[in-house]
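Colleague: final-v4.cif (mmCIF, N, CA and C atoms) pasted underneath:
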data_entry
loop_
_atom_site.label_atom_id
_atom_site.label_comp_id
_atom_site.auth_asym_id
_atom_site.auth_seq_id
_atom_site.Cartn_x
_atom_site.Cartn_y
_atom_site.Cartn_z
N MET A 1 37.67 23.32 100.52
CA MET A 1 36.41 23.04 99.86
C MET A 1 35.66 21.92 100.59
N ARG A 2 36.40 20.88 100.97
CA ARG A 2 35.77 19.76 101.66
C ARG A 2 35.19 20.20 103.01
N LYS A 3 35.92 21.08 103.69
CA LYS A 3 35.45 21.58 104.98
C LYS A 3 34.14 22.36 104.82
N ILE A 4 34.02 23.13 103.77
CA ILE A 4 32.80 23.90 103.51
C ILE A 4 31.63 22.95 103.23
N LEU A 5 31.90 21.90 102.45
CA LEU A 5 30.85 20.93 102.16
C LEU A 5 30.37 20.22 103.42
N LEU A 6 31.30 19.88 104.31
CA LEU A 6 30.93 19.22 105.56
C LEU A 6 30.09 20.15 106.44
N LEU A 7 30.47 21.42 106.49
CA LEU A 7 29.69 22.39 107.28
C LEU A 7 28.30 22.58 106.69
N ALA A 8 28.21 22.64 105.37
CA ALA A 8 26.91 22.78 104.72
C ALA A 8 26.04 21.56 104.97
N ALA A 9 26.63 20.37 104.92
CA ALA A 9 25.88 19.14 105.18
C ALA A 9 25.38 19.11 106.61
N ALA A 10 26.22 19.53 107.56
CA ALA A 10 25.81 19.56 108.97
C ALA A 10 24.67 20.56 109.18
N ALA A 11 24.75 21.72 108.56
CA ALA A 11 23.69 22.72 108.69
C ALA A 11 22.38 22.20 108.12
N LEU A 12 22.45 21.51 106.98
CA LEU A 12 21.25 20.94 106.37
C LEU A 12 20.64 19.88 107.27
N LEU A 13 21.47 19.04 107.87
CA LEU A 13 20.99 17.99 108.76
C LEU A 13 20.23 18.60 109.94
N PHE A 14 20.79 19.63 110.55
CA PHE A 14 20.13 20.25 111.70
C PHE A 14 18.83 20.93 111.29
N SER A 15 18.78 21.54 110.12
CA SER A 15 17.54 22.20 109.68
C SER A 15 16.47 21.17 109.36
N VAL A 16 16.83 20.04 108.80
CA VAL A 16 15.87 18.98 108.50
C VAL A 16 15.34 18.37 109.79
N GLN A 17 16.18 18.21 110.79
CA GLN A 17 15.72 17.69 112.07
C GLN A 17 14.68 18.62 112.68
N GLY A 18 14.87 19.92 112.54
CA GLY A 18 13.91 20.89 113.06
C GLY A 18 12.57 20.78 112.36
N LEU A 19 12.59 20.50 111.05
CA LEU A 19 11.35 20.36 110.30
C LEU A 19 10.61 19.08 110.65
N ALA A 20 11.33 18.07 111.09
CA ALA A 20 10.73 16.78 111.39
C ALA A 20 10.07 16.75 112.76
N GLN A 21 10.13 17.86 113.48
CA GLN A 21 9.57 17.90 114.82
C GLN A 21 8.06 17.65 114.78
N ASN A 22 7.57 16.86 115.70
CA ASN A 22 6.15 16.54 115.76
C ASN A 22 5.34 17.73 116.24
N VAL A 23 4.20 17.94 115.60
CA VAL A 23 3.29 19.01 116.00
C VAL A 23 2.01 18.34 116.50
N TYR A 24 1.60 18.71 117.70
CA TYR A 24 0.41 18.16 118.34
C TYR A 24 -0.62 19.27 118.52
N LYS A 25 -1.83 19.05 118.07
CA LYS A 25 -2.90 20.03 118.21
C LYS A 25 -3.45 20.01 119.64
N ALA A 26 -3.64 21.20 120.20
CA ALA A 26 -4.15 21.32 121.57
C ALA A 26 -5.50 20.62 121.72
N SER A 27 -6.33 20.68 120.70
CA SER A 27 -7.67 20.07 120.78
C SER A 27 -7.61 18.55 120.98
N ASN A 28 -6.51 17.93 120.59
CA ASN A 28 -6.36 16.49 120.79
C ASN A 28 -6.15 16.11 122.25
N PHE A 29 -5.90 17.10 123.09
CA PHE A 29 -5.65 16.86 124.52
C PHE A 29 -6.80 17.40 125.38
N ASN A 30 -7.98 17.57 124.77
CA ASN A 30 -9.15 18.08 125.48
C ASN A 30 -8.93 19.49 126.03
N ILE A 31 -8.10 20.26 125.34
CA ILE A 31 -7.87 21.67 125.70
C ILE A 31 -8.93 22.49 124.97
N LYS A 32 -9.73 23.22 125.72
CA LYS A 32 -10.87 23.95 125.16
C LYS A 32 -10.53 25.42 124.91
N SER A 33 -11.06 25.93 123.81
CA SER A 33 -10.78 27.32 123.41
C SER A 33 -11.97 28.24 123.65
N ASP A 34 -12.80 27.91 124.64
CA ASP A 34 -14.03 28.67 124.86
C ASP A 34 -13.87 29.92 125.71
N GLY A 35 -12.69 30.12 126.28
CA GLY A 35 -12.46 31.29 127.11
C GLY A 35 -13.08 31.20 128.48
N VAL A 36 -13.60 30.02 128.85
CA VAL A 36 -14.26 29.83 130.14
C VAL A 36 -13.56 28.75 130.96
N ARG A 37 -13.29 27.61 130.34
CA ARG A 37 -12.74 26.46 131.05
C ARG A 37 -11.27 26.68 131.41
N ASP A 38 -10.90 26.25 132.63
CA ASP A 38 -9.50 26.27 133.07
C ASP A 38 -8.81 25.05 132.46
N ASN A 39 -7.85 25.28 131.59
CA ASN A 39 -7.15 24.22 130.86
C ASN A 39 -5.80 23.84 131.47
N THR A 40 -5.50 24.31 132.67
CA THR A 40 -4.18 24.09 133.24
C THR A 40 -3.77 22.62 133.25
N ALA A 41 -4.61 21.76 133.77
CA ALA A 41 -4.26 20.33 133.86
C ALA A 41 -4.10 19.71 132.47
N SER A 42 -4.97 20.08 131.54
CA SER A 42 -4.89 19.52 130.19
C SER A 42 -3.64 19.98 129.46
N ILE A 43 -3.30 21.26 129.60
CA ILE A 43 -2.09 21.79 128.95
C ILE A 43 -0.85 21.14 129.55
N GLN A 44 -0.81 21.01 130.88
CA GLN A 44 0.36 20.36 131.51
C GLN A 44 0.45 18.91 131.07
N GLY A 45 -0.68 18.22 130.99
CA GLY A 45 -0.69 16.84 130.52
C GLY A 45 -0.16 16.73 129.10
N ALA A 46 -0.54 17.67 128.24
CA ALA A 46 -0.05 17.67 126.86
C ALA A 46 1.45 17.90 126.81
N ILE A 47 1.94 18.85 127.60
CA ILE A 47 3.38 19.12 127.65
C ILE A 47 4.14 17.89 128.13
N ASP A 48 3.64 17.24 129.17
CA ASP A 48 4.30 16.04 129.71
C ASP A 48 4.31 14.92 128.66
N PHE A 49 3.19 14.74 127.96
CA PHE A 49 3.10 13.71 126.92
C PHE A 49 4.10 13.98 125.80
N ILE A 50 4.12 15.21 125.32
CA ILE A 50 5.03 15.56 124.21
C ILE A 50 6.48 15.37 124.64
N ALA A 51 6.81 15.75 125.86
CA ALA A 51 8.18 15.56 126.36
C ALA A 51 8.53 14.08 126.43
N SER A 52 7.57 13.25 126.83
CA SER A 52 7.82 11.80 126.93
C SER A 52 8.04 11.16 125.56
N LYS A 53 7.55 11.81 124.51
CA LYS A 53 7.73 11.31 123.13
C LYS A 53 8.98 11.87 122.48
N GLY A 54 9.80 12.58 123.24
CA GLY A 54 11.04 13.12 122.70
C GLY A 54 10.96 14.56 122.26
N GLY A 55 9.82 15.20 122.48
CA GLY A 55 9.69 16.61 122.16
C GLY A 55 8.77 16.86 120.99
N GLY A 56 8.46 18.13 120.79
CA GLY A 56 7.59 18.54 119.71
C GLY A 56 6.95 19.88 120.04
N THR A 57 5.94 20.22 119.28
CA THR A 57 5.27 21.50 119.41
C THR A 57 3.81 21.29 119.75
N LEU A 58 3.33 22.01 120.75
CA LEU A 58 1.92 22.04 121.10
C LEU A 58 1.32 23.25 120.40
N GLU A 59 0.41 23.01 119.47
CA GLU A 59 -0.13 24.08 118.63
C GLU A 59 -1.56 24.43 119.02
N PHE A 60 -1.77 25.73 119.25
CA PHE A 60 -3.09 26.25 119.62
C PHE A 60 -3.71 26.95 118.41
N SER A 61 -4.94 26.56 118.06
CA SER A 61 -5.69 27.20 116.98
C SER A 61 -6.46 28.38 117.53
N VAL A 62 -7.24 29.02 116.69
CA VAL A 62 -8.04 30.18 117.08
C VAL A 62 -8.85 29.92 118.34
N GLY A 63 -8.84 30.87 119.26
CA GLY A 63 -9.65 30.77 120.47
C GLY A 63 -8.94 31.37 121.66
N ARG A 64 -9.64 31.39 122.79
CA ARG A 64 -9.08 31.89 124.06
C ARG A 64 -8.92 30.70 125.00
N TYR A 65 -7.70 30.49 125.44
CA TYR A 65 -7.35 29.35 126.29
C TYR A 65 -6.98 29.87 127.67
N ILE A 66 -7.77 29.51 128.67
CA ILE A 66 -7.51 29.94 130.05
C ILE A 66 -6.61 28.90 130.71
N THR A 67 -5.56 29.38 131.38
CA THR A 67 -4.66 28.46 132.08
C THR A 67 -3.98 29.16 133.25
N GLY A 68 -3.60 28.34 134.22
CA GLY A 68 -2.74 28.80 135.30
C GLY A 68 -1.30 28.50 134.89
N ALA A 69 -0.42 28.45 135.88
CA ALA A 69 0.99 28.21 135.61
C ALA A 69 1.21 26.77 135.13
N VAL A 70 2.03 26.63 134.09
CA VAL A 70 2.44 25.32 133.59
C VAL A 70 3.96 25.31 133.50
N GLN A 71 4.52 24.12 133.51
CA GLN A 71 5.98 23.98 133.44
C GLN A 71 6.34 23.40 132.07
N LEU A 72 7.03 24.23 131.26
CA LEU A 72 7.51 23.73 129.97
C LEU A 72 8.66 22.77 130.22
N LYS A 73 8.84 21.85 129.30
CA LYS A 73 9.91 20.85 129.43
C LYS A 73 10.83 20.96 128.23
N SER A 74 12.02 20.43 128.40
CA SER A 74 13.02 20.46 127.34
C SER A 74 12.48 19.80 126.08
N GLY A 75 12.66 20.46 124.95
CA GLY A 75 12.24 19.91 123.68
C GLY A 75 10.79 20.18 123.32
N VAL A 76 10.06 20.88 124.20
CA VAL A 76 8.64 21.17 123.94
C VAL A 76 8.51 22.68 123.69
N SER A 77 7.83 23.01 122.61
CA SER A 77 7.56 24.42 122.33
C SER A 77 6.05 24.61 122.13
N ILE A 78 5.65 25.86 122.25
CA ILE A 78 4.24 26.22 122.10
C ILE A 78 4.12 27.13 120.89
N ARG A 79 3.14 26.84 120.05
CA ARG A 79 2.89 27.68 118.87
C ARG A 79 1.45 28.18 118.93
N LEU A 80 1.29 29.49 118.79
CA LEU A 80 -0.03 30.09 118.73
C LEU A 80 -0.32 30.46 117.28
N ARG A 81 -1.35 29.87 116.71
CA ARG A 81 -1.78 30.23 115.37
C ARG A 81 -2.46 31.58 115.43
N GLU A 82 -2.65 32.21 114.30
CA GLU A 82 -3.31 33.51 114.26
C GLU A 82 -4.68 33.41 114.92
N GLY A 83 -4.95 34.31 115.86
CA GLY A 83 -6.23 34.32 116.56
C GLY A 83 -6.25 33.52 117.85
N ALA A 84 -5.16 32.86 118.18
CA ALA A 84 -5.08 32.09 119.44
C ALA A 84 -4.53 32.98 120.53
N VAL A 85 -5.18 32.93 121.70
CA VAL A 85 -4.77 33.74 122.84
C VAL A 85 -4.74 32.86 124.08
N ILE A 86 -3.63 32.92 124.81
CA ILE A 86 -3.54 32.21 126.09
C ILE A 86 -3.74 33.25 127.19
N VAL A 87 -4.71 32.99 128.06
CA VAL A 87 -5.07 33.94 129.12
C VAL A 87 -4.72 33.31 130.46
N GLY A 88 -3.96 34.04 131.28
CA GLY A 88 -3.60 33.56 132.61
C GLY A 88 -4.77 33.69 133.56
N SER A 89 -4.97 32.67 134.40
CA SER A 89 -6.07 32.72 135.37
C SER A 89 -5.57 33.19 136.72
#
Go through the file and emit its structure as structure tokens.
Modeller:
Amino acid sequence: MRKILLLAAAALLFSVQGLAQNVYKASNFNIKSDGVRDNTASIQGAIDFIASKGGGTLEFSVGRYITGAVQLKSGVSIRLREGAVIVGS
């Protein structure tokens, strides 16, 4: 019984840590959703910043985001909200 409680506590701890992850809006990094501007440098800068803060999620709202190749870093994820599209240049 004690072993089950310890496993349940560990699972809860890991799930709570996942919820506590910081979410950063793409617009806060001068990333434009106009479908015209090349956002490669801004997106890479956002990824680098989030990684330097220990990780988190870069969230894109509705719009078309043009970018070239970027390098994701450990602990950084990308979330596309409904209506958000990333277009390769």
Colleague: Evaluate the PyMOL selection byres (((chain A and resi 39 and name CA) around 8) and name CA) on the structure here and hand back the selected residues as a PyMOL selection string.
Modeller: chain A and resi 31-32+37-38+40-43+65-68
Colleague: Suppose you want the space between atom CA of Ala46 of chain A and atom C of Asn28 of chain A; what is it in Å?
Modeller: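 So the answer is 7.8 Å.
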Colleague: Provide the atom CA of Gly83 of chain A to atom CA of Lys25 of chain A distance in Å, to one decimal place.
Modeller: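 The value is 14.8 Å.
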Colleague: When you count only N, CA and C atoms, which of these residues is closest to Phe29 of chain A: A:Gly55, A:Gly63, A:Gly45, A:Gly88?
Modeller: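 Looking at the shortest contact to Phe29 of chain A, the residue is A:Gly45.
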Colleague: Evaluated on this file, the PyMOL selection byres ((chain A and resi 73-82) around 8) picks out some residues - which ones are they, written as an MDAnalysis selection string?
Modeller: chainID A and resid 47:48 50:51 54:63 70:72 83:86
Colleague: Expressed in Å to a single decimal, how great is the separation between atom N of Ser89 of chain A and atom CA of Gln21 of chain A?
Modeller: 28.5 Å
Colleague: As AutoDock Vina command-line options, what would the box around segment 72-79 of chain A look like: edges along x, y and z, 4 Å added on every side, centre and edge lengths in Å to one decimal?
Modeller:
--center_x 7.2 --center_y 24.0 --center_z 125.1 --size_x 19.6 --size_y 16.4 --size_z 20.4
